[in-house]
Amino acid sequence: PRAELRGLYRDMALTRRFDAEATSLQRQGELGLWASLLGQEAAQIGSGRALRDDDYVFPTYREHGVAWCRGVDPTNLLGMFRGVNHGGWDPNDNNFHLYTIVIGSQVLHATGYAMGVAKDGADSAVIAYFGDGASSQGDVAEAFTFAAVYNAPVIFFCQNNQWAISEPTERQSRVPIYQRAQGFGFPGVRVDGNDVLACLAVTRAAVERARAGQGPMLVEAFTYRMGAHTTSDDPSRYRRDEERVEWEAKDPIQRLRLHLEKTGLADADFFAALDEESEAMGKHVRESIRTMKAPDSMAIFENVYADGHALVDEERAQYAEYAASFADTAEEGR
């Protein structure tokens, strides 16, 4: 439908704007690090919009588009990268787990959660996001094994952006990633990760299959990381510029925009209004990041032990005295 197509375009455009704003803020010293999703918007928005509210998502640290689809405030994604919290949102509010930095571990978590869903008799599905690099981790292989044996309602969504930092996919696997599913006993499919409608359709099919009790499925979204792995990475050291230029011509957002324009489903007013919305989002993100409260440094001593501990109490007192010494120094300076 026209409204859904326009909505998908809006999702991708605003997600890219947020991502660009976060990258800029990191360059300004407002964030310690940022993992950009540039080029992967279609894979994330297409799959994210295929889910129901009661489905559960286990992301890595780059699923900003999926977070948008789940209704997570974009500014909440910045807290961990600024160092003021460990995530910034309650996973139970949106069925969207906190970001996972450890490579591949969330795939096991998703499988265990899906096994629980099946035992509860629910008809919801679970989806785990990971990259091509994570597919080489033992945790992912273990997750595949358990999901197959227990027929867990989980979708393994691999965003193959073709570079695990500086390692190309061909140095990690002798077969296409989606074909690995055959060895574990469940189906795998490769989808054009730069086509938001294809990602939407394939993910819908996968979650419907899971809800019907037919078990896991591996989806390999073949896409491209147009930017750096993170803001600490320099892709020019290992990747040809010609390769990046070639994939920029397959930009998922521009692809849908051309379709909307050619079919008359969106006009100049639609795109102009979206540009204004993007500017407003950028301003909101900039204002929010600079007003985030720093965490209470004494909080690290809380919840270590349920009933308290003498050693922790001693360490708390020592740290409080140490921190107070800086306040004394500041007073002397005046």
# chains A, B, ... in the order shown; residues from 1 in each chain; ligands from 1
>>> select_by_dssp(residues="range 206-305 of chain A", states="strand (DSSP E)", output="ChimeraX atom specification")
/A:217-222
>>> write_last_selection(atoms="C-alpha atoms", output="PDB file, in the first residue's frame")
ATOM      1  CA  MET A 217      15.401 -20.192   9.748  1.00  0.00           C
ATOM      2  CA  LEU A 218      18.567 -18.397   8.685  1.00  0.00           C
ATOM      3  CA  VAL A 219      18.208 -15.218   6.632  1.00  0.00           C
ATOM      4  CA  GLU A 220      21.320 -13.779   5.033  1.00  0.00           C
ATOM      5  CA  ALA A 221      20.706 -10.164   4.029  1.00  0.00           C
ATOM      6  CA  PHE A 222      23.386  -9.507   1.419  1.00  0.00           C
TER       7      PHE A 222
END
>>> closest_atom_pairs(of="range 190-231 of chain A", to="range 18-40 of chain A", cutoff="10 Å", atoms="only C-alpha atoms", output="JSON lines")
{"residue": "A:Gly193", "atom": "CA", "partner": "A:Gln40", "partner_atom": "CA", "distance": 7.2}
{"residue": "A:Asn194", "atom": "CA", "partner": "A:Gln40", "partner_atom": "CA", "distance": 6.9}
{"residue": "A:Asp195", "atom": "CA", "partner": "A:Gln40", "partner_atom": "CA", "distance": 9.8}
{"residue": "A:Val196", "atom": "CA", "partner": "A:Gln40", "partner_atom": "CA", "distance": 9.7}
{"residue": "A:Ala221", "atom": "CA", "partner": "A:Gln40", "partner_atom": "CA", "distance": 9.2}
{"residue": "A:Phe222", "atom": "CA", "partner": "A:Gln40", "partner_atom": "CA", "distance": 9.4}
{"residue": "A:Thr223", "atom": "CA", "partner": "A:Gln40", "partner_atom": "CA", "distance": 6.4}
{"residue": "A:Tyr224", "atom": "CA", "partner": "A:Gly39", "partner_atom": "CA", "distance": 5.9}
{"residue": "A:Arg225", "atom": "CA", "partner": "A:Gly39", "partner_atom": "CA", "distance": 5.6}
{"residue": "A:Met226", "atom": "CA", "partner": "A:Gly39", "partner_atom": "CA", "distance": 5.3}
{"residue": "A:Gly227", "atom": "CA", "partner": "A:Leu38", "partner_atom": "CA", "distance": 5.9}
{"residue": "A:Ala228", "atom": "CA", "partner": "A:Ser36", "partner_atom": "CA", "distance": 7.2}
{"residue": "A:His229", "atom": "CA", "partner": "A:Ala35", "partner_atom": "CA", "distance": 6.3}
{"residue": "A:Thr230", "atom": "CA", "partner": "A:Ala35", "partner_atom": "CA", "distance": 4.3}
{"residue": "A:Thr231", "atom": "CA", "partner": "A:Trp34", "partner_atom": "CA", "distance": 5.6}
>>> select_by_dssp(residues="range 260-313 of chain A", states="alpha helix (DSSP H)", output="MDAnalysis selection string")
chainID A and resid 260:262 268:290 310:313
>>> write_last_selection(atoms="N, CA, C and O atoms", output="CSV table (one decimal), in the first residue's frame")
chain,number,residue,atom,x,y,z
A,260,LEU,N,9.3,5.5,-5.7
A,260,LEU,CA,8.2,6.3,-5.3
A,260,LEU,C,7.9,7.5,-6.3
A,260,LEU,O,6.8,7.8,-6.6
A,261,GLU,N,9.0,8.0,-6.8
A,261,GLU,CA,8.9,9.1,-7.8
A,261,GLU,C,8.3,8.6,-9.1
A,261,GLU,O,7.4,9.2,-9.7
A,262,LYS,N,8.8,7.5,-9.6
A,262,LYS,CA,8.4,7.0,-10.9
A,262,LYS,C,7.0,6.5,-10.9
A,262,LYS,O,6.3,6.6,-11.9
A,268,ALA,N,7.2,16.1,-4.4
A,268,ALA,CA,8.2,16.9,-3.8
A,268,ALA,C,7.8,17.4,-2.4
A,268,ALA,O,8.7,17.6,-1.6
A,269,ASP,N,6.5,17.6,-2.2
A,269,ASP,CA,6.1,18.0,-0.9
A,269,ASP,C,6.3,17.0,0.2
A,269,ASP,O,6.7,17.3,1.3
A,270,PHE,N,6.2,15.7,-0.2
A,270,PHE,CA,6.5,14.6,0.8
A,270,PHE,C,7.9,14.6,1.2
A,270,PHE,O,8.2,14.6,2.4
A,271,PHE,N,8.8,14.7,0.2
A,271,PHE,CA,10.2,14.7,0.5
A,271,PHE,C,10.7,16.0,1.2
A,271,PHE,O,11.5,15.9,2.1
A,272,ALA,N,10.1,17.1,0.9
A,272,ALA,CA,10.4,18.4,1.6
A,272,ALA,C,10.0,18.3,3.1
A,272,ALA,O,10.7,18.7,4.0
A,273,ALA,N,8.8,17.7,3.3
A,273,ALA,CA,8.3,17.6,4.7
A,273,ALA,C,9.2,16.7,5.5
A,273,ALA,O,9.5,16.9,6.7
A,274,LEU,N,9.7,15.6,4.8
A,274,LEU,CA,10.6,14.7,5.5
A,274,LEU,C,11.9,15.3,5.8
A,274,LEU,O,12.6,15.0,6.8
A,275,ASP,N,12.4,16.2,4.9
A,275,ASP,CA,13.7,16.9,5.1
A,275,ASP,C,13.5,17.7,6.4
A,275,ASP,O,14.5,17.8,7.2
A,276,GLU,N,12.4,18.4,6.6
A,276,GLU,CA,12.2,19.2,7.7
A,276,GLU,C,12.1,18.4,9.0
A,276,GLU,O,12.7,18.7,10.0
A,277,GLU,N,11.5,17.2,8.9
A,277,GLU,CA,11.4,16.3,10.0
A,277,GLU,C,12.8,15.8,10.4
A,277,GLU,O,13.2,15.6,11.6
A,278,SER,N,13.7,15.5,9.4
A,278,SER,CA,15.0,15.1,9.6
A,278,SER,C,15.8,16.2,10.3
A,278,SER,O,16.6,15.9,11.3
A,279,GLU,N,15.7,17.4,9.9
A,279,GLU,CA,16.4,18.5,10.6
A,279,GLU,C,16.0,18.6,12.1
A,279,GLU,O,16.8,18.8,12.9
A,280,ALA,N,14.7,18.5,12.3
A,280,ALA,CA,14.2,18.5,13.7
A,280,ALA,C,14.7,17.4,14.5
A,280,ALA,O,15.1,17.6,15.7
A,281,MET,N,14.8,16.2,13.9
A,281,MET,CA,15.4,15.1,14.6
A,281,MET,C,16.9,15.4,15.0
A,281,MET,O,17.3,15.1,16.1
A,282,GLY,N,17.6,15.9,14.0
A,282,GLY,CA,19.0,16.2,14.2
A,282,GLY,C,19.2,17.1,15.4
A,282,GLY,O,20.1,17.0,16.3
A,283,LYS,N,18.4,18.2,15.4
A,283,LYS,CA,18.4,19.1,16.5
A,283,LYS,C,18.1,18.5,17.9
A,283,LYS,O,18.8,18.7,18.9
A,284,HIS,N,17.1,17.7,17.9
A,284,HIS,CA,16.7,17.0,19.1
A,284,HIS,C,17.8,16.1,19.6
A,284,HIS,O,18.1,16.0,20.8
A,285,VAL,N,18.5,15.4,18.7
A,285,VAL,CA,19.6,14.5,19.1
A,285,VAL,C,20.7,15.3,19.7
A,285,VAL,O,21.3,14.9,20.7
A,286,ARG,N,21.1,16.4,19.1
A,286,ARG,CA,22.2,17.2,19.5
A,286,ARG,C,21.9,17.8,20.9
A,286,ARG,O,22.8,17.8,21.8
A,287,GLU,N,20.7,18.2,21.1
A,287,GLU,CA,20.3,18.8,22.4
A,287,GLU,C,20.2,17.7,23.5
A,287,GLU,O,20.6,18.0,24.6
A,288,SER,N,19.8,16.6,23.1
A,288,SER,CA,19.6,15.5,24.1
A,288,SER,C,21.0,15.0,24.6
A,288,SER,O,21.2,14.7,25.8
A,289,ILE,N,21.9,14.8,23.7
A,289,ILE,CA,23.2,14.2,24.1
A,289,ILE,C,24.0,15.2,25.0
A,289,ILE,O,24.6,14.7,25.9
A,290,ARG,N,23.8,16.4,24.9
A,290,ARG,CA,24.5,17.4,25.7
A,290,ARG,C,23.9,17.6,27.0
A,290,ARG,O,24.4,18.3,27.9
A,310,ALA,N,31.2,-6.2,53.8
A,310,ALA,CA,32.1,-5.3,54.5
A,310,ALA,C,33.2,-4.8,53.6
A,310,ALA,O,33.6,-3.6,53.7
A,311,LEU,N,33.7,-5.6,52.7
A,311,LEU,CA,34.8,-5.1,51.9
A,311,LEU,C,34.3,-4.0,50.9
A,311,LEU,O,35.0,-3.0,50.7
A,312,VAL,N,33.1,-4.2,50.4
A,312,VAL,CA,32.5,-3.2,49.5
A,312,VAL,C,32.3,-1.9,50.2
A,312,VAL,O,32.5,-0.8,49.7
A,313,ASP,N,31.8,-2.0,51.5
A,313,ASP,CA,31.6,-0.9,52.3
A,313,ASP,C,32.9,-0.1,52.5
A,313,ASP,O,33.0,1.1,52.4
>>> closest_residue(among="A:Asp73, A:Glu167, A:Asp233, A:Glu302", to="Gly88 in chain A", atoms="only C-alpha atoms")
A:Asp73
>>> closest_atom_pairs(of="range 25-126 of chain A", to="range 2-8 of chain A", cutoff="12 Å", atoms="only C-alpha atoms", output="Markdown table")
| residue | atom | partner | partner_atom | distance |
| --- | --- | --- | --- | --- |
| A:Glu41 | CA | A:Leu8 | CA | 9.9 |
| A:Ala42 | CA | A:Leu8 | CA | 8.6 |
| A:Ala43 | CA | A:Leu8 | CA | 11.3 |
| A:Gln44 | CA | A:Leu8 | CA | 10.6 |
| A:Ile45 | CA | A:Leu8 | CA | 7.0 |
| A:Gly46 | CA | A:Leu8 | CA | 7.6 |
| A:Ser47 | CA | A:Leu8 | CA | 10.9 |
| A:Gly48 | CA | A:Leu8 | CA | 10.3 |
| A:Arg49 | CA | A:Leu8 | CA | 8.3 |
| A:Ala50 | CA | A:Leu8 | CA | 11.2 |
| A:Gly65 | CA | A:Leu8 | CA | 10.9 |
| A:Trp68 | CA | A:Leu8 | CA | 11.5 |
| A:Cys69 | CA | A:Leu8 | CA | 9.9 |
>>> closest_atom_pairs(of="range 46-69 of chain A", to="range 136-156 of chain A", cutoff="12 Å", atoms="only C-alpha atoms", output="tab-separated table")
residue	atom	partner	partner_atom	distance
A:Ser47	CA	A:Ile155	CA	10.4
A:Ala50	CA	A:Ile155	CA	11.8
A:Leu51	CA	A:Ile155	CA	11.0
A:Asp55	CA	A:Val154	CA	9.8
A:Tyr56	CA	A:Val154	CA	9.4
A:Val57	CA	A:Ile155	CA	9.7
A:Phe58	CA	A:Phe156	CA	9.9
A:Pro59	CA	A:Phe156	CA	10.8
>>> write_last_selection(atoms="all heavy atoms", output="PDB file, in the first residue's frame")
ATOM      1  N   SER A  47      13.235  -5.857   7.883  1.00  0.00           N
ATOM      2  CA  SER A  47      13.037  -6.946   8.845  1.00  0.00           C
ATOM      3  C   SER A  47      12.313  -6.452  10.089  1.00  0.00           C
ATOM      4  O   SER A  47      11.450  -7.145  10.637  1.00  0.00           O
ATOM      5  CB  SER A  47      14.382  -7.568   9.224  1.00  0.00           C
ATOM      6  OG  SER A  47      15.246  -6.605   9.816  1.00  0.00           O
ATOM      7  N   ALA A  50       8.594  -6.239   9.834  1.00  0.00           N
ATOM      8  CA  ALA A  50       7.912  -7.527   9.632  1.00  0.00           C
ATOM      9  C   ALA A  50       7.492  -8.163  10.948  1.00  0.00           C
ATOM     10  O   ALA A  50       6.798  -9.176  10.957  1.00  0.00           O
ATOM     11  CB  ALA A  50       8.827  -8.490   8.875  1.00  0.00           C
ATOM     12  N   LEU A  51       7.878  -7.563  12.068  1.00  0.00           N
ATOM     13  CA  LEU A  51       7.655  -8.171  13.379  1.00  0.00           C
ATOM     14  C   LEU A  51       6.389  -7.661  14.046  1.00  0.00           C
ATOM     15  O   LEU A  51       5.934  -6.545  13.792  1.00  0.00           O
ATOM     16  CB  LEU A  51       8.856  -7.876  14.291  1.00  0.00           C
ATOM     17  CG  LEU A  51      10.228  -8.277  13.750  1.00  0.00           C
ATOM     18  CD1 LEU A  51      11.320  -7.798  14.701  1.00  0.00           C
ATOM     19  CD2 LEU A  51      10.315  -9.782  13.537  1.00  0.00           C
ATOM     20  N   ASP A  55       6.722 -10.128  19.394  1.00  0.00           N
ATOM     21  CA  ASP A  55       7.972 -10.796  19.023  1.00  0.00           C
ATOM     22  C   ASP A  55       9.119 -10.152  19.808  1.00  0.00           C
ATOM     23  O   ASP A  55       9.022  -9.004  20.242  1.00  0.00           O
ATOM     24  CB  ASP A  55       8.228 -10.651  17.516  1.00  0.00           C
ATOM     25  CG  ASP A  55       7.180 -11.370  16.678  1.00  0.00           C
ATOM     26  OD1 ASP A  55       6.619 -12.369  17.154  1.00  0.00           O
ATOM     27  OD2 ASP A  55       6.912 -10.908  15.555  1.00  0.00           O
ATOM     28  N   TYR A  56      10.204 -10.893  19.978  1.00  0.00           N
ATOM     29  CA  TYR A  56      11.312 -10.379  20.784  1.00  0.00           C
ATOM     30  C   TYR A  56      12.580 -10.290  19.934  1.00  0.00           C
ATOM     31  O   TYR A  56      12.891 -11.212  19.182  1.00  0.00           O
ATOM     32  CB  TYR A  56      11.567 -11.269  22.005  1.00  0.00           C
ATOM     33  CG  TYR A  56      12.253 -10.542  23.139  1.00  0.00           C
ATOM     34  CD1 TYR A  56      11.530 -10.045  24.213  1.00  0.00           C
ATOM     35  CD2 TYR A  56      13.623 -10.323  23.112  1.00  0.00           C
ATOM     36  CE1 TYR A  56      12.156  -9.366  25.253  1.00  0.00           C
ATOM     37  CE2 TYR A  56      14.265  -9.647  24.133  1.00  0.00           C
ATOM     38  CZ  TYR A  56      13.530  -9.167  25.210  1.00  0.00           C
ATOM     39  OH  TYR A  56      14.155  -8.488  26.224  1.00  0.00           O
ATOM     40  N   VAL A  57      13.306  -9.181  20.111  1.00  0.00           N
ATOM     41  CA  VAL A  57      14.484  -8.889  19.287  1.00  0.00           C
ATOM     42  C   VAL A  57      15.751  -8.913  20.132  1.00  0.00           C
ATOM     43  O   VAL A  57      15.806  -8.295  21.203  1.00  0.00           O
ATOM     44  CB  VAL A  57      14.351  -7.507  18.613  1.00  0.00           C
ATOM     45  CG1 VAL A  57      15.595  -7.191  17.785  1.00  0.00           C
ATOM     46  CG2 VAL A  57      13.096  -7.450  17.744  1.00  0.00           C
ATOM     47  N   PHE A  58      16.776  -9.598  19.637  1.00  0.00           N
ATOM     48  CA  PHE A  58      18.099  -9.581  20.239  1.00  0.00           C
ATOM     49  C   PHE A  58      19.072  -8.943  19.246  1.00  0.00           C
ATOM     50  O   PHE A  58      19.450  -9.576  18.255  1.00  0.00           O
ATOM     51  CB  PHE A  58      18.556 -11.002  20.596  1.00  0.00           C
ATOM     52  CG  PHE A  58      17.876 -11.575  21.806  1.00  0.00           C
ATOM     53  CD1 PHE A  58      16.622 -12.164  21.698  1.00  0.00           C
ATOM     54  CD2 PHE A  58      18.463 -11.500  23.058  1.00  0.00           C
ATOM     55  CE1 PHE A  58      15.979 -12.684  22.810  1.00  0.00           C
ATOM     56  CE2 PHE A  58      17.827 -12.015  24.180  1.00  0.00           C
ATOM     57  CZ  PHE A  58      16.579 -12.610  24.059  1.00  0.00           C
ATOM     58  N   PRO A  59      19.469  -7.695  19.464  1.00  0.00           N
ATOM     59  CA  PRO A  59      20.344  -6.993  18.519  1.00  0.00           C
ATOM     60  C   PRO A  59      21.823  -7.134  18.861  1.00  0.00           C
ATOM     61  O   PRO A  59      22.184  -7.682  19.921  1.00  0.00           O
ATOM     62  CB  PRO A  59      19.909  -5.533  18.700  1.00  0.00           C
ATOM     63  CG  PRO A  59      19.609  -5.466  20.183  1.00  0.00           C
ATOM     64  CD  PRO A  59      19.013  -6.815  20.548  1.00  0.00           C
TER      65      PRO A  59
END
>>> atom_distance(atom1="CA of Val66 in chain A", atom2="CA of Leu78 in chain A")
14.8 Å
>>> closest_residue(among="A:Phe157, A:Tyr113, A:Tyr238, A:Tyr9", to="Gly131 in chain A", atoms="only C-alpha atoms")
A:Phe157
>>> closest_residue(among="A:Thr100, A:Asn76, A:Pro235, A:Gln162", to="Trp247 in chain A", atoms="only C-alpha atoms")
A:Gln162
